[in-house]
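> This structure is in structure tokens; I'll ask about it shortly.
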There are 2 protein chains.
Amino acid sequence: MKRGEAERILREQRARVTPQRVAILRAVESSGSHPDADAVYRQVSRGHPHISRDTVYRTLSMMEEKGIIGSVLSVGNSKRYDPVTTKHHHLVCIRCKKILDFSAKEFDRLEPPAKMVSRFQVLRTTVQVEGVCEDCRNRKKT
Amino acid sequence: MKRGEAERILREQRARVTPQRVAILRAVESSGSHPDADAVYRQVSRGHPHISRDTVYRTLSMMEEKGIIGSVLSVGNSKRYDPVTTKHHHLVCIRCKKILDFSAKEFDRLEPPAKMVSRFQVLRTTVQVEGVCEDCRNRKKT
DNA sequence: TTACCAGATTGGATTTTTTCCTATATTCAA
DNA sequence: TTGAATATAGGAAAAAATCCAATCTGGTAA
């Protein structure tokens with residue numbers, strides 16, 4: 001990540017530029033992987049020994065909302081189980097965390113690229129659709 | 001869920017049949033949704049006021065491993081961020097929780113069924129492939 | 001440039017979610 | 001029926017995320 005780029009990205013999104021935010025964004029970008037909040041906290045702590053965890057959590061989720069960074073799909077903070085074991089896919093409401101099942105033959109046939117399959121023992125392939133459900137859309141948006 | 005079915009399923013999987021397990025499986029099946037462990041605990045507590053959370057957590061994850069119940073994809077216990085914001089998909093190792101990105105044009109074109117889209121404001125559609133990575137396969141399996 | 005103030009941060013407490021641990025109890029095969 | 005392997009309860013602890021009040025700061029308007 002080039003010098004000044006983090007600042008530019010934040011300004012583009014009309015987010016205040018603070019040293020903490022710059023450091024957090026750089027930490028995610030330079031991780032080269034898929035860090036969790038604590039990994040970002042540990043990395044940023046090196047240069048900002050007094051940064052608080054709250055800042056890291058708040059900032060990461062702000063950046064995700066603004067599309068500055070991405071995330072791997074998860075639903076709220078707890079693991080969710082499913083009585084249905086046949087092949088199906090999930091719609092997840094990002095507001096209320098409701099999960100709806102759906103089936104679509106087209107999605108059931110997906111085959112991960114051969115290159116992956118040779119190195120990775122594939123157990124399950126599912127499609128996750130994130131969005132906002134009808135109920136939440138009818139409530140006034142935050 | 002029919003009488004005796006939970007017991008049958010457990011026996012089929014060579015899992016000991018205990019009243020707690022039967023109650024937990026029934027709770028998931030009858031939830032009609034995607035409960036988290038605490039919701040299952042609260043439901044099962046009605047009939048088993050002394051059940052411990054540990055039993056619920058342990059049993060749910062045992063049942064998931066045996067394929068008795070499913071789950072919505074998650075990666076370990078913490079939210080994972082991603083520096084990459086362009087469209088891509090994820091391979092997740094269920095052992096070490098490593099996440100690998102991959103791209104596949106075929107996957108990028110997926111459109112959720114029209115019926116869903118009309119009710120649900122779709123923000124993102126991604127494919128998650130779960131499996132075991134090369135490193136973990138080379139280690140002896142548990 | 002300065003002063004203001006909306007918004008950001010800190011540090012610590014708190015909540016939520018999950019796991020660990022040990023004594024006791026139970027399942028089921030023989 | 002009994003013994004060994006396995007499961008459970010209950011409570012402590014760890015891990016993950018959030019809350020909150022006091023303080024500070026970035027950006028802008030004068």
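Residues are referred to by chain and number: the chain letter is A, B, ... according to the order shown in the structure tokens, the number counts from 1 in that chain, and ligands are numbered separately from 1 in the order shown.
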Mind dumping a table of every chain C residue within 12 Å of chain A, with the nearest atom pair and its distance in Å to one decimal, using only C-alpha atoms (C1' of nucleotides), sorted by chain and rising number, as CSV?

residue,atom,partner,partner_atom,distance
C:DA6,C1',A:Arg16,CA,11.2
C:DG7,C1',A:Arg16,CA,8.6
C:DA8,C1',A:Thr18,CA,8.3
C:DT9,C1',A:Thr55,CA,6.8
C:DT10,C1',A:Ser52,CA,6.0
C:DG11,C1',A:Ser52,CA,7.2
C:DG12,C1',A:Ser52,CA,10.0
C:DT16,C1',A:Asn77,CA,8.6
C:DT17,C1',A:Ser78,CA,6.7
C:DT18,C1',A:Ser78,CA,9.2
> Write a file of the just-selected residues containing N, CA, C and O atoms (P, O5', C5', C4', C3', O3' and C1' of nucleotides), as a PDB file, in the first residue's frame.

ATOM      1  P    DA C   6     -21.933  19.986  18.037  1.00  0.00           P
ATOM      2  O5'  DA C   6     -21.993  18.906  16.869  1.00  0.00           O
ATOM      3  C5'  DA C   6     -21.546  19.266  15.550  1.00  0.00           C
ATOM      4  C4'  DA C   6     -20.725  18.131  14.961  1.00  0.00           C
ATOM      5  C3'  DA C   6     -21.307  16.743  15.216  1.00  0.00           C
ATOM      6  O3'  DA C   6     -21.086  15.974  14.034  1.00  0.00           O
ATOM      7  C1'  DA C   6     -19.152  16.886  16.206  1.00  0.00           C
ATOM      8  P    DG C   7     -21.559  14.494  13.916  1.00  0.00           P
ATOM      9  O5'  DG C   7     -20.197  13.723  14.181  1.00  0.00           O
ATOM     10  C5'  DG C   7     -19.062  14.040  13.406  1.00  0.00           C
ATOM     11  C4'  DG C   7     -17.854  13.408  14.043  1.00  0.00           C
ATOM     12  C3'  DG C   7     -17.990  11.905  14.309  1.00  0.00           C
ATOM     13  O3'  DG C   7     -16.795  11.331  13.839  1.00  0.00           O
ATOM     14  C1'  DG C   7     -17.228  12.980  16.227  1.00  0.00           C
ATOM     15  P    DA C   8     -16.557   9.844  13.716  1.00  0.00           P
ATOM     16  O5'  DA C   8     -15.261   9.691  14.623  1.00  0.00           O
ATOM     17  C5'  DA C   8     -14.116  10.459  14.326  1.00  0.00           C
ATOM     18  C4'  DA C   8     -13.042  10.132  15.337  1.00  0.00           C
ATOM     19  C3'  DA C   8     -12.904   8.634  15.643  1.00  0.00           C
ATOM     20  O3'  DA C   8     -11.518   8.327  15.582  1.00  0.00           O
ATOM     21  C1'  DA C   8     -13.286   9.851  17.646  1.00  0.00           C
ATOM     22  P    DT C   9     -10.976   6.941  15.998  1.00  0.00           P
ATOM     23  O5'  DT C   9     -10.580   7.175  17.517  1.00  0.00           O
ATOM     24  C5'  DT C   9      -9.546   8.106  17.820  1.00  0.00           C
ATOM     25  C4'  DT C   9      -9.196   7.986  19.288  1.00  0.00           C
ATOM     26  C3'  DT C   9      -8.923   6.550  19.749  1.00  0.00           C
ATOM     27  O3'  DT C   9      -7.622   6.511  20.328  1.00  0.00           O
ATOM     28  C1'  DT C   9     -10.472   7.637  21.196  1.00  0.00           C
ATOM     29  P    DT C  10      -7.013   5.166  20.844  1.00  0.00           P
ATOM     30  O5'  DT C  10      -7.200   5.285  22.411  1.00  0.00           O
ATOM     31  C5'  DT C  10      -6.777   6.464  23.080  1.00  0.00           C
ATOM     32  C4'  DT C  10      -7.175   6.381  24.542  1.00  0.00           C
ATOM     33  C3'  DT C  10      -6.812   5.062  25.222  1.00  0.00           C
ATOM     34  O3'  DT C  10      -6.091   5.383  26.403  1.00  0.00           O
ATOM     35  C1'  DT C  10      -9.123   5.593  25.574  1.00  0.00           C
ATOM     36  P    DG C  11      -5.085   4.353  27.059  1.00  0.00           P
ATOM     37  O5'  DG C  11      -5.999   3.736  28.193  1.00  0.00           O
ATOM     38  C5'  DG C  11      -6.579   4.619  29.153  1.00  0.00           C
ATOM     39  C4'  DG C  11      -7.560   3.851  29.996  1.00  0.00           C
ATOM     40  C3'  DG C  11      -7.117   2.404  30.288  1.00  0.00           C
ATOM     41  O3'  DG C  11      -7.392   2.189  31.657  1.00  0.00           O
ATOM     42  C1'  DG C  11      -9.265   2.401  29.307  1.00  0.00           C
ATOM     43  P    DG C  12      -6.938   0.972  32.514  1.00  0.00           P
ATOM     44  O5'  DG C  12      -8.267   0.585  33.271  1.00  0.00           O
ATOM     45  C5'  DG C  12      -9.243   1.600  33.529  1.00  0.00           C
ATOM     46  C4'  DG C  12     -10.600   0.957  33.490  1.00  0.00           C
ATOM     47  C3'  DG C  12     -10.598  -0.518  33.918  1.00  0.00           C
ATOM     48  O3'  DG C  12     -11.650  -0.707  34.835  1.00  0.00           O
ATOM     49  C1'  DG C  12     -11.703  -0.277  31.878  1.00  0.00           C
ATOM     50  P    DT C  16     -25.636  -9.698  27.405  1.00  0.00           P
ATOM     51  O5'  DT C  16     -24.784 -10.569  26.377  1.00  0.00           O
ATOM     52  C5'  DT C  16     -24.140  -9.926  25.303  1.00  0.00           C
ATOM     53  C4'  DT C  16     -23.341 -10.947  24.527  1.00  0.00           C
ATOM     54  C3'  DT C  16     -23.995 -12.330  24.425  1.00  0.00           C
ATOM     55  O3'  DT C  16     -23.884 -12.687  23.065  1.00  0.00           O
ATOM     56  C1'  DT C  16     -21.781 -12.524  25.228  1.00  0.00           C
ATOM     57  P    DT C  17     -24.512 -13.996  22.449  1.00  0.00           P
ATOM     58  O5'  DT C  17     -23.265 -14.976  22.353  1.00  0.00           O
ATOM     59  C5'  DT C  17     -22.207 -14.664  21.463  1.00  0.00           C
ATOM     60  C4'  DT C  17     -21.110 -15.677  21.673  1.00  0.00           C
ATOM     61  C3'  DT C  17     -21.587 -17.141  21.641  1.00  0.00           C
ATOM     62  O3'  DT C  17     -20.899 -17.751  20.565  1.00  0.00           O
ATOM     63  C1'  DT C  17     -20.104 -16.748  23.443  1.00  0.00           C
ATOM     64  P    DT C  18     -21.099 -19.296  20.202  1.00  0.00           P
ATOM     65  O5'  DT C  18     -19.895 -19.954  20.997  1.00  0.00           O
ATOM     66  C5'  DT C  18     -18.575 -19.500  20.720  1.00  0.00           C
ATOM     67  C4'  DT C  18     -17.623 -20.144  21.705  1.00  0.00           C
ATOM     68  C3'  DT C  18     -17.737 -21.667  21.776  1.00  0.00           C
ATOM     69  O3'  DT C  18     -16.555 -22.189  21.185  1.00  0.00           O
ATOM     70  C1'  DT C  18     -17.429 -20.675  23.918  1.00  0.00           C
TER      71       DT C  18
END
> Using DSSP on the backbone coordinates, identify all residues within region 16-110 of chain B classified as alpha helix (DSSP H); present the result as a PyMOL selection string.
chain B and resi 19-31+37-47+53-65+105-108
> Taking a cut-off of 6 Å and counting only C-alpha atoms, can you build a table that, for each residue of chain B near chain A, reports the nearest atom pair and how far apart they are in Å (one decimal), sorted by chain then residue number, as a Markdown table?

| residue | atom | partner | partner_atom | distance |
| --- | --- | --- | --- | --- |
| B:Val28 | CA | A:Pro83 | CA | 5.8 |
| B:Glu29 | CA | A:Pro83 | CA | 5.0 |
| B:His34 | CA | A:Asp82 | CA | 5.0 |
| B:Pro35 | CA | A:Arg80 | CA | 5.6 |
| B:Asp36 | CA | A:Arg80 | CA | 4.5 |
| B:Ile69 | CA | A:Pro83 | CA | 5.2 |
| B:Gly70 | CA | A:Asp82 | CA | 4.7 |
| B:Ser71 | CA | A:Tyr81 | CA | 4.0 |
| B:Val72 | CA | A:Arg80 | CA | 5.7 |
| B:Ser74 | CA | A:Ser74 | CA | 5.4 |
| B:Lys79 | CA | A:Asp36 | CA | 5.7 |
| B:Arg80 | CA | A:Asp36 | CA | 4.5 |
| B:Tyr81 | CA | A:Ser71 | CA | 4.0 |
| B:Asp82 | CA | A:Gly70 | CA | 4.7 |
| B:Pro83 | CA | A:Glu29 | CA | 5.1 |
| B:Thr85 | CA | A:Gly70 | CA | 5.2 |
| B:Arg119 | CA | A:Glu134 | CA | 5.6 |
| B:Phe120 | CA | A:Cys133 | CA | 4.8 |
| B:Gln121 | CA | A:Val132 | CA | 5.1 |
| B:Val122 | CA | A:Gly131 | CA | 4.4 |
| B:Leu123 | CA | A:Gly131 | CA | 4.8 |
| B:Arg124 | CA | A:Glu130 | CA | 5.2 |
| B:Thr125 | CA | A:Val129 | CA | 4.4 |
| B:Thr126 | CA | A:Gln128 | CA | 5.5 |
| B:Val127 | CA | A:Val127 | CA | 4.4 |
| B:Gln128 | CA | A:Thr126 | CA | 5.5 |
| B:Val129 | CA | A:Thr125 | CA | 4.4 |
| B:Glu130 | CA | A:Arg124 | CA | 5.2 |
| B:Gly131 | CA | A:Val122 | CA | 4.4 |
| B:Val132 | CA | A:Gln121 | CA | 5.1 |
| B:Cys133 | CA | A:Phe120 | CA | 4.8 |
| B:Glu134 | CA | A:Arg119 | CA | 5.6 |
> Figure out the distance between C1' of DA14 (chain D) and CA of Arg46 (chain B), please, to one decimal in Å.
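These atoms are spaced 27.7 Å apart.
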> According to DSSP computed on the backbone, where in chain A is there strand (DSSP E or B)? Give the residues as a PDB file with C-alpha atoms, in the first residue's frame.

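Below you can see out.pdb, which holds the result:
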ATOM      1  CA  ASP A  36      -9.706 -11.144  12.824  1.00  0.00           C
ATOM      2  CA  GLY A  70     -14.430  -6.866   2.921  1.00  0.00           C
ATOM      3  CA  SER A  71     -15.202  -9.721   5.214  1.00  0.00           C
ATOM      4  CA  ARG A  80     -25.832 -21.025  13.700  1.00  0.00           C
ATOM      5  CA  TYR A  81     -27.047 -24.573  13.213  1.00  0.00           C
ATOM      6  CA  ASP A  82     -29.424 -25.914  10.640  1.00  0.00           C
ATOM      7  CA  HIS A  89     -28.157 -22.273   0.170  1.00  0.00           C
ATOM      8  CA  HIS A  90     -28.619 -19.332   2.486  1.00  0.00           C
ATOM      9  CA  LEU A  91     -29.973 -15.842   2.398  1.00  0.00           C
ATOM     10  CA  VAL A  92     -28.738 -13.855   5.359  1.00  0.00           C
ATOM     11  CA  CYS A  93     -30.219 -10.577   6.509  1.00  0.00           C
ATOM     12  CA  ILE A  99     -31.387 -16.818   7.758  1.00  0.00           C
ATOM     13  CA  LEU A 100     -33.607 -18.164   5.008  1.00  0.00           C
ATOM     14  CA  ASP A 101     -32.956 -21.345   3.100  1.00  0.00           C
ATOM     15  CA  PHE A 102     -33.374 -21.583  -0.612  1.00  0.00           C
ATOM     16  CA  GLN A 121     -10.290 -31.803  -0.090  1.00  0.00           C
ATOM     17  CA  VAL A 122     -13.659 -30.240  -0.799  1.00  0.00           C
ATOM     18  CA  LEU A 123     -16.447 -31.171   1.577  1.00  0.00           C
ATOM     19  CA  ARG A 124     -19.170 -28.684   0.866  1.00  0.00           C
ATOM     20  CA  THR A 125     -19.888 -25.842  -1.514  1.00  0.00           C
ATOM     21  CA  THR A 126     -22.606 -23.377  -0.625  1.00  0.00           C
ATOM     22  CA  VAL A 127     -23.800 -20.042  -1.844  1.00  0.00           C
ATOM     23  CA  GLN A 128     -24.444 -17.293   0.685  1.00  0.00           C
ATOM     24  CA  VAL A 129     -26.508 -14.323  -0.307  1.00  0.00           C
ATOM     25  CA  GLU A 130     -26.316 -11.304   1.952  1.00  0.00           C
ATOM     26  CA  GLY A 131     -28.905  -8.602   1.927  1.00  0.00           C
ATOM     27  CA  VAL A 132     -31.721  -6.943   3.758  1.00  0.00           C
TER      28      VAL A 132
END
